[in-house]
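Participant: Next comes the structure file coords17.pdb, holding PDB, C-alpha atoms and all ligand atoms.
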```
ATOM      1  CA  MET K   9      36.856 -11.149  23.633
ATOM      2  CA  LYS K  10      35.156 -12.773  26.613
ATOM      3  CA  ARG K  11      31.523 -13.545  25.862
ATOM      4  CA  VAL K  12      28.978 -12.609  28.519
ATOM      5  CA  SER K  13      25.978 -14.886  28.298
ATOM      6  CA  ARG K  14      22.771 -12.869  28.178
ATOM      7  CA  MET K  15      19.171 -13.992  28.381
ATOM      8  CA  VAL K  16      17.324 -13.315  25.136
ATOM      9  CA  THR K  17      13.998 -11.559  25.762
ATOM     10  CA  ILE K  18      11.122 -12.996  23.726
ATOM     11  CA  ALA K  19       7.949 -10.931  23.346
ATOM     12  CA  LYS K  20       4.874 -12.606  24.861
ATOM     13  CA  SER K  21       2.324 -10.071  23.641
ATOM     14  CA  LEU K  22       1.852  -6.911  21.599
ATOM     15  CA  THR K  23       2.735  -4.884  24.670
ATOM     16  CA  SER K  24       5.898  -6.771  25.725
ATOM     17  CA  THR K  25       8.921  -4.582  26.341
ATOM     18  CA  ILE K  26      12.671  -5.007  26.533
ATOM     19  CA  LYS K  27      14.915  -3.209  29.019
ATOM     20  CA  LEU K  28      17.507  -1.095  27.194
ATOM     21  CA  ASN K  29      21.059  -0.617  28.511
ATOM     22  CA  ASN K  30      20.089   2.834  29.841
ATOM     23  CA  GLY K  31      17.235   1.388  31.928
ATOM     24  CA  ASN K  32      14.435   2.547  29.594
ATOM     25  CA  ASP K  33      11.746   0.124  28.426
ATOM     26  CA  MET K  34      11.092  -0.315  24.714
ATOM     27  CA  PRO K  35       8.207  -2.202  23.032
ATOM     28  CA  MET K  36       9.308  -5.295  21.116
ATOM     29  CA  PHE K  37       6.678  -4.929  18.379
ATOM     30  CA  GLY K  38       5.654  -1.983  16.228
ATOM     31  CA  LEU K  39       4.625  -0.650  12.825
ATOM     32  CA  GLY K  40       7.240   0.040  10.134
ATOM     33  CA  MET K  41       6.711   3.114   7.941
ATOM     34  CA  TRP K  42       9.132   2.740   4.997
ATOM     35  CA  GLN K  43       7.147   3.359   1.776
ATOM     36  CA  ALA K  44       3.970   4.163   3.717
ATOM     37  CA  ASN K  45       2.529   6.846   1.459
ATOM     38  CA  SER K  46       2.380  10.375   2.791
ATOM     39  CA  GLY K  47      -0.529  12.808   2.337
ATOM     40  CA  SER K  48      -3.274  14.422   4.349
ATOM     41  CA  ASN K  49      -5.526  11.643   5.612
ATOM     42  CA  GLY K  50      -3.485   9.323   3.390
ATOM     43  CA  PRO K  51      -2.280   5.722   3.805
ATOM     44  CA  ALA K  52       0.588   6.461   6.222
ATOM     45  CA  GLU K  53      -1.525   8.548   8.566
ATOM     46  CA  LYS K  54      -4.435   6.089   8.475
ATOM     47  CA  ALA K  55      -2.120   3.140   9.130
ATOM     48  CA  VAL K  56      -0.762   4.876  12.253
ATOM     49  CA  VAL K  57      -4.280   5.658  13.519
ATOM     50  CA  TYR K  58      -5.445   2.097  12.892
ATOM     51  CA  ALA K  59      -2.377   0.431  14.389
ATOM     52  CA  LEU K  60      -2.404   2.552  17.549
ATOM     53  CA  GLN K  61      -6.139   2.046  18.030
ATOM     54  CA  ASN K  62      -5.549  -1.703  17.744
ATOM     55  CA  GLY K  63      -2.845  -2.068  20.343
ATOM     56  CA  TYR K  64       0.412  -1.263  18.511
ATOM     57  CA  LYS K  65       2.726   0.605  20.891
ATOM     58  CA  MET K  66       5.557   1.652  18.599
ATOM     59  CA  ILE K  67       5.970   3.427  15.240
ATOM     60  CA  ASP K  68       9.261   3.314  13.313
ATOM     61  CA  THR K  69       9.852   6.167  10.864
ATOM     62  CA  ALA K  70      12.818   8.174   9.520
ATOM     63  CA  THR K  71      13.581  11.451   7.760
ATOM     64  CA  LEU K  72      14.211   9.362   4.632
ATOM     65  CA  TYR K  73      10.655   7.967   4.639
ATOM     66  CA  GLY K  74       9.091  11.415   4.183
ATOM     67  CA  ASN K  75       6.172  10.587   6.469
ATOM     68  CA  GLN K  76       7.119  11.893   9.921
ATOM     69  CA  SER K  77       4.314  14.483   9.799
ATOM     70  CA  ASP K  78       1.839  11.723   8.887
ATOM     71  CA  VAL K  79       3.041   9.822  11.967
ATOM     72  CA  GLY K  80       2.541  12.927  14.116
ATOM     73  CA  GLU K  81      -0.933  13.524  12.700
ATOM     74  CA  GLY K  82      -1.862   9.839  12.993
ATOM     75  CA  LEU K  83      -0.812   9.810  16.638
ATOM     76  CA  ARG K  84      -2.919  12.899  17.307
ATOM     77  CA  LYS K  85      -5.974  11.503  15.508
ATOM     78  CA  SER K  86      -5.684   8.091  17.185
ATOM     79  CA  GLY K  87      -6.602   9.578  20.540
ATOM     80  CA  VAL K  88      -3.851   7.495  22.138
ATOM     81  CA  LYS K  89      -1.783   9.403  24.687
ATOM     82  CA  ARG K  90       1.729  10.417  23.625
ATOM     83  CA  GLU K  91       3.257   8.699  26.651
ATOM     84  CA  ASP K  92       1.647   5.406  25.605
ATOM     85  CA  VAL K  93       3.422   5.387  22.235
ATOM     86  CA  PHE K  94       7.120   4.775  21.523
ATOM     87  CA  LEU K  95       8.301   6.884  18.563
ATOM     88  CA  VAL K  96      11.436   5.889  16.668
ATOM     89  CA  THR K  97      12.977   8.070  13.984
ATOM     90  CA  LYS K  98      16.350   8.213  12.238
ATOM     91  CA  LEU K  99      19.021  10.672  11.225
ATOM     92  CA  TRP K 100      19.817  10.627   7.512
ATOM     93  CA  THR K 101      22.500  13.310   7.214
ATOM     94  CA  ASN K 102      25.991  13.210   8.741
ATOM     95  CA  GLY K 103      27.744  15.419  11.277
ATOM     96  CA  TYR K 104      27.066  17.616  14.286
ATOM     97  CA  GLU K 105      25.419  20.700  12.734
ATOM     98  CA  SER K 106      23.445  18.676  10.289
ATOM     99  CA  CYS K 107      22.171  16.375  13.045
ATOM    100  CA  ARG K 108      21.008  19.365  15.088
ATOM    101  CA  ASP K 109      18.988  20.770  12.147
ATOM    102  CA  GLU K 110      17.546  17.436  11.105
ATOM    103  CA  PHE K 111      16.588  16.418  14.636
ATOM    104  CA  MET K 112      14.724  19.690  15.243
ATOM    105  CA  SER K 113      12.869  19.221  11.971
ATOM    106  CA  SER K 114      11.902  15.657  12.966
ATOM    107  CA  LEU K 115      10.622  16.845  16.315
ATOM    108  CA  LYS K 116       8.506  19.493  14.581
ATOM    109  CA  GLN K 117       7.131  17.107  11.970
ATOM    110  CA  LEU K 118       6.307  14.485  14.578
ATOM    111  CA  ASP K 119       4.645  17.279  16.569
ATOM    112  CA  SER K 120       6.154  15.865  19.707
ATOM    113  CA  GLY K 121       8.112  17.337  22.584
ATOM    114  CA  TYR K 122      10.480  14.365  22.563
ATOM    115  CA  ILE K 123      11.479  11.277  20.611
ATOM    116  CA  ASP K 124      11.733   7.922  22.363
ATOM    117  CA  LEU K 125      14.546   6.502  20.251
ATOM    118  CA  TYR K 126      16.746   8.351  17.768
ATOM    119  CA  LEU K 127      18.936   6.239  15.483
ATOM    120  CA  ILE K 128      21.789   7.025  13.103
ATOM    121  CA  HIS K 129      20.240   5.523   9.958
ATOM    122  CA  SER K 130      23.511   4.256   8.494
ATOM    123  CA  PRO K 131      27.247   4.413   9.174
ATOM    124  CA  SER K 132      27.864   5.308   5.507
ATOM    125  CA  GLY K 133      29.287   8.772   4.982
ATOM    126  CA  GLY K 134      31.066   8.718   8.349
ATOM    127  CA  GLN K 135      30.971  11.529  10.940
ATOM    128  CA  VAL K 136      29.233   9.062  13.223
ATOM    129  CA  LEU K 137      30.978  10.357  16.346
ATOM    130  CA  GLU K 138      30.062  13.952  15.454
ATOM    131  CA  SER K 139      26.405  13.056  14.911
ATOM    132  CA  TYR K 140      26.407  11.024  18.121
ATOM    133  CA  LYS K 141      27.744  14.008  20.060
ATOM    134  CA  ALA K 142      24.740  16.076  18.961
ATOM    135  CA  MET K 143      22.405  13.181  19.823
ATOM    136  CA  MET K 144      23.905  12.936  23.325
ATOM    137  CA  GLU K 145      23.232  16.645  23.830
ATOM    138  CA  PHE K 146      19.587  16.201  22.834
ATOM    139  CA  GLN K 147      19.374  13.374  25.318
ATOM    140  CA  GLN K 148      20.802  15.549  28.089
ATOM    141  CA  GLN K 149      18.180  18.189  27.213
ATOM    142  CA  GLY K 150      15.390  15.620  27.545
ATOM    143  CA  LEU K 151      14.477  15.837  23.847
ATOM    144  CA  VAL K 152      15.299  12.209  23.195
ATOM    145  CA  ARG K 153      14.999   9.302  25.656
ATOM    146  CA  SER K 154      17.386   6.809  24.027
ATOM    147  CA  ILE K 155      19.939   6.945  21.230
ATOM    148  CA  GLY K 156      21.114   4.164  18.977
ATOM    149  CA  VAL K 157      22.200   3.126  15.513
ATOM    150  CA  SER K 158      21.001   1.272  12.448
ATOM    151  CA  ASN K 159      22.859  -0.802   9.870
ATOM    152  CA  PHE K 160      26.005  -0.850  12.014
ATOM    153  CA  GLY K 161      28.391  -3.792  11.658
ATOM    154  CA  VAL K 162      30.776  -5.052  14.346
ATOM    155  CA  GLN K 163      33.537  -2.785  12.964
ATOM    156  CA  HIS K 164      31.358   0.322  13.475
ATOM    157  CA  LEU K 165      30.298  -0.714  16.982
ATOM    158  CA  GLU K 166      33.917  -1.473  17.879
ATOM    159  CA  GLY K 167      34.916   1.958  16.505
ATOM    160  CA  MET K 168      32.392   3.604  18.821
ATOM    161  CA  LYS K 169      33.598   1.519  21.755
ATOM    162  CA  LYS K 170      37.221   2.519  21.108
ATOM    163  CA  ALA K 171      36.163   6.175  20.915
ATOM    164  CA  GLY K 172      34.750   5.778  24.439
ATOM    165  CA  VAL K 173      31.229   7.031  23.668
ATOM    166  CA  PRO K 174      28.215   5.501  25.460
ATOM    167  CA  THR K 175      27.135   2.159  23.985
ATOM    168  CA  PRO K 176      24.168   2.582  21.602
ATOM    169  CA  THR K 177      20.960   1.235  23.135
ATOM    170  CA  VAL K 178      19.773  -0.401  19.884
ATOM    171  CA  ASN K 179      21.127  -1.573  16.523
ATOM    172  CA  GLN K 180      18.380  -1.816  13.874
ATOM    173  CA  ILE K 181      19.417  -4.248  11.117
ATOM    174  CA  GLU K 182      17.854  -6.407   8.405
ATOM    175  CA  LEU K 183      16.792  -9.704  10.029
ATOM    176  CA  HIS K 184      14.639 -12.572   8.718
ATOM    177  CA  PRO K 185      15.219 -16.256   7.863
ATOM    178  CA  TRP K 186      17.560 -15.269   5.001
ATOM    179  CA  MET K 187      19.467 -12.749   7.148
ATOM    180  CA  LYS K 188      20.370 -14.256  10.511
ATOM    181  CA  ARG K 189      23.657 -12.350  10.886
ATOM    182  CA  THR K 190      24.720 -14.623  13.716
ATOM    183  CA  GLU K 191      28.017 -12.890  14.474
ATOM    184  CA  LEU K 192      26.544  -9.373  14.503
ATOM    185  CA  VAL K 193      23.520 -10.389  16.595
ATOM    186  CA  SER K 194      25.802 -12.149  19.135
ATOM    187  CA  TYR K 195      28.102  -9.133  19.267
ATOM    188  CA  CYS K 196      25.135  -6.829  19.993
ATOM    189  CA  ARG K 197      23.761  -9.128  22.694
ATOM    190  CA  ASP K 198      27.167  -9.655  24.300
ATOM    191  CA  ASN K 199      27.598  -5.884  24.454
ATOM    192  CA  GLY K 200      24.135  -5.029  25.785
ATOM    193  CA  ILE K 201      22.815  -3.569  22.506
ATOM    194  CA  ALA K 202      19.164  -4.465  21.817
ATOM    195  CA  VAL K 203      18.631  -6.143  18.448
ATOM    196  CA  MET K 204      15.878  -4.578  16.323
ATOM    197  CA  GLY K 205      15.093  -6.347  13.053
ATOM    198  CA  TYR K 206      13.779  -4.695   9.903
ATOM    199  CA  SER K 207      12.135  -6.159   6.790
ATOM    200  CA  PRO K 208      10.754  -9.132   8.791
ATOM    201  CA  LEU K 209       8.442  -9.929   5.851
ATOM    202  CA  VAL K 210      11.422  -9.803   3.472
ATOM    203  CA  LYS K 211       9.568  -6.865   1.836
ATOM    204  CA  ALA K 212       6.887  -9.352   0.691
ATOM    205  CA  GLU K 213       9.324 -10.560  -1.965
ATOM    206  CA  ARG K 214       9.581 -14.228  -0.908
ATOM    207  CA  LEU K 215       6.056 -15.021   0.230
ATOM    208  CA  LYS K 216       5.832 -17.925  -2.242
ATOM    209  CA  ASP K 217       9.058 -19.541  -1.062
ATOM    210  CA  PRO K 218       8.250 -23.276  -0.668
ATOM    211  CA  THR K 219       9.960 -23.568   2.745
ATOM    212  CA  ILE K 220       7.932 -20.727   4.261
ATOM    213  CA  VAL K 221       4.721 -21.897   2.570
ATOM    214  CA  SER K 222       5.210 -25.400   3.982
ATOM    215  CA  VAL K 223       5.819 -24.106   7.544
ATOM    216  CA  ALA K 224       2.715 -21.902   7.221
ATOM    217  CA  LYS K 225       0.654 -24.956   6.223
ATOM    218  CA  LYS K 226       2.021 -26.982   9.160
ATOM    219  CA  VAL K 227       1.194 -24.335  11.766
ATOM    220  CA  GLY K 228      -2.052 -23.224  10.103
ATOM    221  CA  LYS K 229      -1.050 -19.549   9.862
ATOM    222  CA  THR K 230      -0.394 -17.150   6.982
ATOM    223  CA  VAL K 231       3.055 -16.864   5.429
ATOM    224  CA  GLY K 232       3.295 -13.289   6.753
ATOM    225  CA  GLN K 233       2.508 -14.449  10.290
ATOM    226  CA  VAL K 234       5.142 -17.197  10.097
ATOM    227  CA  LEU K 235       7.812 -14.673   9.086
ATOM    228  CA  ILE K 236       6.864 -12.273  11.881
ATOM    229  CA  ARG K 237       6.584 -15.070  14.470
ATOM    230  CA  TYR K 238      10.060 -16.234  13.400
ATOM    231  CA  SER K 239      11.423 -12.783  14.371
ATOM    232  CA  VAL K 240       9.546 -12.907  17.677
ATOM    233  CA  GLN K 241      10.977 -16.352  18.520
ATOM    234  CA  MET K 242      14.494 -15.202  17.592
ATOM    235  CA  GLY K 243      14.062 -12.507  20.248
ATOM    236  CA  TYR K 244      14.206  -9.584  17.812
ATOM    237  CA  ILE K 245      12.329  -6.329  18.291
ATOM    238  CA  THR K 246      10.262  -6.353  15.088
ATOM    239  CA  ILE K 247       8.446  -3.737  12.980
ATOM    240  CA  PRO K 248       6.483  -5.218  10.046
ATOM    241  CA  LYS K 249       5.131  -2.562   7.685
ATOM    242  CA  SER K 250       1.616  -2.542   6.276
ATOM    243  CA  GLU K 251      -0.812   0.124   5.138
ATOM    244  CA  LYS K 252      -3.694  -2.345   4.974
ATOM    245  CA  PRO K 253      -6.003  -2.600   8.007
ATOM    246  CA  ALA K 254      -6.534  -6.366   7.665
ATOM    247  CA  ARG K 255      -2.781  -6.983   7.485
ATOM    248  CA  ILE K 256      -2.058  -4.618  10.388
ATOM    249  CA  ILE K 257      -4.261  -6.903  12.491
ATOM    250  CA  GLU K 258      -3.002 -10.147  10.913
ATOM    251  CA  ASN K 259       0.621  -9.173  11.527
ATOM    252  CA  SER K 260      -0.039  -8.554  15.204
ATOM    253  CA  GLN K 261      -1.642 -11.970  15.804
ATOM    254  CA  VAL K 262       1.609 -13.796  16.439
ATOM    255  CA  PHE K 263       1.746 -14.186  20.206
ATOM    256  CA  ASP K 264      -0.581 -17.066  21.121
ATOM    257  CA  TRP K 265       1.070 -19.801  19.053
ATOM    258  CA  SER K 266       4.595 -20.782  18.114
ATOM    259  CA  ILE K 267       6.706 -22.333  15.369
ATOM    260  CA  PRO K 268       7.977 -25.768  16.547
ATOM    261  CA  GLU K 269      11.759 -26.182  17.056
ATOM    262  CA  GLU K 270      12.091 -28.422  13.990
ATOM    263  CA  GLU K 271      10.524 -25.806  11.696
ATOM    264  CA  MET K 272      12.629 -23.046  13.295
ATOM    265  CA  ALA K 273      15.714 -25.129  12.454
ATOM    266  CA  THR K 274      14.495 -25.450   8.853
ATOM    267  CA  LEU K 275      13.986 -21.669   8.613
ATOM    268  CA  ASN K 276      17.414 -21.111  10.146
ATOM    269  CA  SER K 277      18.993 -23.321   7.489
ATOM    270  CA  LEU K 278      17.968 -21.037   4.595
ATOM    271  CA  PRO K 279      20.907 -19.404   2.783
ATOM    272  CA  GLU K 280      21.966 -15.905   3.799
ATOM    273  CA  THR K 281      20.820 -13.245   1.234
ATOM    274  CA  SER K 282      19.845  -9.634   1.828
ATOM    275  CA  CYS K 283      16.651  -8.160   0.332
ATOM    276  CA  THR K 284      17.853  -4.567   0.566
ATOM    277  CA  TRP K 285      20.926  -2.353   1.110
ATOM    278  CA  ASN K 286      23.666  -3.487   3.476
ATOM    279  CA  PRO K 287      25.658  -0.544   4.893
ATOM    280  CA  ALA K 288      26.779  -2.770   7.795
ATOM    281  CA  LEU K 289      29.484  -4.039   5.430
ATOM    282  CA  SER K 290      31.046  -0.577   4.916
ATOM    283  CA  ALA K 291      34.311   0.483   6.554
ATOM    284  CA  TRP K 292      34.368   2.424   9.846
ATOM    285  CA  GLU K 293      35.032   6.063   9.001
ATOM    286  CA  GLY K 294      34.766   7.507  12.489
TER
HETATM  287  N1  LIG G 301      16.923   1.041   9.139
HETATM  288  C1  LIG G 301      16.802   0.685   7.876
HETATM  289  O1  LIG G 301      17.715   0.837   7.059
HETATM  290  C2  LIG G 301      15.520   0.057   7.422
HETATM  291  C3  LIG G 301      15.454  -0.548   6.154
HETATM  292  C4  LIG G 301      14.242  -1.135   5.782
HETATM  293  C5  LIG G 301      13.155  -1.103   6.642
HETATM  294  N2  LIG G 301      13.243  -0.475   7.853
HETATM  295  C6  LIG G 301      12.094  -0.407   8.786
HETATM  296  O2  LIG G 301      11.529  -1.709   8.921
HETATM  297  C7  LIG G 301      10.161  -1.689   8.507
HETATM  298  C8  LIG G 301       9.751  -3.016   7.897
HETATM  299  O3  LIG G 301      10.555  -3.326   6.785
HETATM  300  P1  LIG G 301      10.081  -3.154   5.253
HETATM  301  O4  LIG G 301       9.023  -2.112   5.153
HETATM  302  O5  LIG G 301      11.321  -2.994   4.459
HETATM  303  O6  LIG G 301       9.518  -4.556   4.848
HETATM  304  P2  LIG G 301       8.546  -5.663   5.473
HETATM  305  O7  LIG G 301       7.899  -5.193   6.699
HETATM  306  O8  LIG G 301       9.368  -6.894   5.491
HETATM  307  O9  LIG G 301       7.476  -5.846   4.302
HETATM  308  C9  LIG G 301       6.601  -4.833   3.936
HETATM  309  C10 LIG G 301       5.835  -5.302   2.698
HETATM  310  O10 LIG G 301       5.041  -6.434   3.013
HETATM  311  C11 LIG G 301       3.658  -6.186   2.692
HETATM  312  N3  LIG G 301       2.891  -6.868   3.741
HETATM  313  C12 LIG G 301       2.661  -6.471   5.015
HETATM  314  N4  LIG G 301       1.992  -7.387   5.711
HETATM  315  C13 LIG G 301       1.772  -8.423   4.871
HETATM  316  C14 LIG G 301       1.126  -9.666   5.008
HETATM  317  N5  LIG G 301       0.572 -10.057   6.158
HETATM  318  N6  LIG G 301       1.078 -10.479   3.937
HETATM  319  C15 LIG G 301       1.631 -10.115   2.751
HETATM  320  N7  LIG G 301       2.264  -8.944   2.553
HETATM  321  C16 LIG G 301       2.342  -8.102   3.614
HETATM  322  C17 LIG G 301       3.527  -4.682   2.705
HETATM  323  O11 LIG G 301       2.501  -4.234   1.834
HETATM  324  P3  LIG G 301       1.197  -3.409   2.356
HETATM  325  O12 LIG G 301       1.683  -2.165   3.028
HETATM  326  O13 LIG G 301       0.478  -3.150   1.084
HETATM  327  O14 LIG G 301       0.473  -4.340   3.287
HETATM  328  C18 LIG G 301       4.889  -4.255   2.161
HETATM  329  O15 LIG G 301       4.906  -4.370   0.758
HETATM  330  C19 LIG G 301      10.125  -0.510   7.534
HETATM  331  O16 LIG G 301       8.831  -0.107   7.219
HETATM  332  C20 LIG G 301      10.968   0.488   8.275
HETATM  333  O17 LIG G 301      10.242   1.074   9.324
HETATM  334  C21 LIG G 301      14.428   0.080   8.260
END
```
Go through the file and emit its structure as C-alpha cells.

Facilitator:
Amino acid sequence: MKRVSRMVTIAKSLTSTIKLNNGNDMPMFGLGMWQANSGSNGPAEKAVVYALQNGYKMIDTATLYGNQSDVGEGLRKSGVKREDVFLVTKLWTNGYESCRDEFMSSLKQLDSGYIDLYLIHSPSGGQVLESYKAMMEFQQQGLVRSIGVSNFGVQHLEGMKKAGVPTPTVNQIELHPWMKRTELVSYCRDNGIAVMGYSPLVKAERLKDPTIVSVAKKVGKTVGQVLIRYSVQMGYITIPKSEKPARIIENSQVFDWSIPEEEMATLNSLPETSCTWNPALSAWEG
C-alpha cells in the first residue's frame, strides 16, 4: 500500500481542534467517563459540570458506562451552550435494529437533539456493517454529526474499506507509553482516520513506574500530567478521566510546557503492554 504522508496535528491548548475527514472540527482534549459514578447530583454529573465550567470542550461516554443521563444533566447544569460542547457516545450492541434502539435511547439520556460523534464501541460480535448502516442513516437525518469506531484493528478497517462504506472519521483505541500501536496508528493516519487515545493515564495503575516518575521530576510536573502531555505530543486526541475537581484541572494543564525529545524517546522505548481489553486483535466478522 502506498503511504500518504500526513501532518500530525498537535493540540496547542484545551480548545484545539482537529479537522475530521468529513470536514467537521473535533476537540483534541476532553473528559473520559468510564467508571464515573452515576446518580443524581453524583460524581459523574458533578465532574461534567466542573470540567465544562473550566474549559473542557468534549465529554466521552458510552451506553456501557451507564452515565449518559448524568452527562446530559451535567451539561444542562453547567450553563455551557450545547453547541459549545462535543458529545461522544458509543454503541454497545450489534446490528441494524439494535443500533436504532440504542442510539435513540442515548439521545434521550443525553437530552440532546444530536450527538457529535457516535462510535461502534468494539468490532467484537460482528454485524459492524449493519450497525454502520443505521449510523449512516442517523447522520443523514442530522441526528449525529460524525460516525466512527473504537477498538478497531487494521483488519477491521480494511474490511470496512473493502465493503465500500465511508471511512470512519475516528478510531478510539488504547494509547499511552506502553501502547504505542505504531502500525495501527500509521494505518489510521495514512487513511485519514483521526486517532483518539483512551486510558492515557494507564488507568492510574503505573503511576509509580520509575521511568515516568523520573521524567516527571525532570520536567517538574506530576506523573499524571507527564502521561497526558505524552499523548498530546504524540498527536492523539485524548480523554483522561477524573471525578476529582483538583485532578480535572491538573490534567488540563498540559499545554504550556513540553517533554523534551530525549525523554519522549525514553517513554517510547517502554515495552508494549495493554492495561485493559484489546478487541482490536479479534477477527473481522463483517
Ligand atoms: N473505547 C473504549 O473501549 C475505552 C476503554 C477505556 C476507556 N475509554 C475512555 O477513555 C477514558 C479514559 O480512560 P480510563 O478511564 O480507562 O483511564 P485513565 O484516564 O487512564 O485513568 C483514569 C484513572 O486515573 C485516575 N486519575 C485521574 N487523574 C489523575 C491524576 N492526575 N493523578 C492520578 N490519578 C488520576 C482516575 O481516578 P479519579 O477519577 O478518582 O481521579 C481514574 O482512576 C475513559 O474514561 C473512557 O471515556 C474508552

Participant: Between chain K and ligand LIG 301 (chain G), at 7 Å or less, what are the per-residue closest atom pairs and their distances in Å? Count all atoms listed in the file, order by chain and rising residue number, and return it as CSV.

Facilitator:
```
residue,atom,partner,partner_atom,distance
K:Leu39,CA,G:LIG301,O17,6.8
K:Gly40,CA,G:LIG301,O17,3.3
K:Met41,CA,G:LIG301,O16,3.9
K:Trp42,CA,G:LIG301,O16,3.6
K:Gln43,CA,G:LIG301,O16,6.7
K:Ala44,CA,G:LIG301,O12,6.8
K:Asp68,CA,G:LIG301,O17,4.7
K:Thr69,CA,G:LIG301,O17,5.3
K:His129,CA,G:LIG301,N1,5.6
K:Ser130,CA,G:LIG301,O1,6.9
K:Ser158,CA,G:LIG301,N1,5.3
K:Asn159,CA,G:LIG301,O1,6.1
K:Gln180,CA,G:LIG301,N1,5.7
K:Ile181,CA,G:LIG301,N1,6.2
K:Glu182,CA,G:LIG301,C3,6.7
K:Tyr206,CA,G:LIG301,O2,3.9
K:Ser207,CA,G:LIG301,O8,3.1
K:Pro208,CA,G:LIG301,O8,4.2
K:Leu209,CA,G:LIG301,O8,3.2
K:Val210,CA,G:LIG301,O8,4.1
K:Lys211,CA,G:LIG301,O9,3.4
K:Ala212,CA,G:LIG301,O10,4.2
K:Val231,CA,G:LIG301,N6,6.8
K:Gly232,CA,G:LIG301,N5,4.3
K:Gln233,CA,G:LIG301,N5,6.3
K:Ile247,CA,G:LIG301,C7,5.2
K:Pro248,CA,G:LIG301,O7,3.6
K:Lys249,CA,G:LIG301,O7,3.9
K:Ser250,CA,G:LIG301,O12,3.3
K:Glu251,CA,G:LIG301,O12,4.0
K:Lys252,CA,G:LIG301,O14,4.9
K:Arg255,CA,G:LIG301,N5,4.7
K:Ile256,CA,G:LIG301,N4,6.8
K:Glu258,CA,G:LIG301,N5,5.9
K:Asn259,CA,G:LIG301,N5,5.4
```

Participant: Please compute the atom CA of K:Arg237-atom CA of K:Asn276 distance, one decimal, in Å.

Facilitator: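 That distance, rounded to one decimal, is 13.1 Å.
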
Participant: Measuring atom to atom with all atoms listed in the file, identify which of K:Lys229, K:Ile236, K:Asp33, K:Leu115 is nearest to K:Ser154.

Facilitator: K:Asp33

Participant: Nearest residue to K:Ala55 out of K:Ile257, K:Leu22, K:Ala142, K:Glu270, using only C-alpha atoms?

Facilitator: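 Answer, going by the shortest atom-to-atom distance: K:Ile257.
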
Participant: Could you tell me how far atom CA of K:Met15 lies from atom CA of K:Met36, in Å and to one decimal?

Facilitator: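 According to the coordinates, atom CA of K:Met15 and atom CA of K:Met36 are separated by 15.0 Å.
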
Participant: Write out as a list in words the residues lying within 7 Å of K:Gly134, counting all atoms listed in the file and excluding same-chain residues fewer than 6 positions away.

Facilitator: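 What passes the distance filter is Asn102, Glu293 and Gly294 of chain K.
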
Participant: Between atom CA of K:Asp92 and atom CA of K:Val234, what is the distance in Å, rounded to a tenth?

Facilitator: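 We find that atom CA of K:Asp92 and atom CA of K:Val234 lie 27.6 Å from each other.
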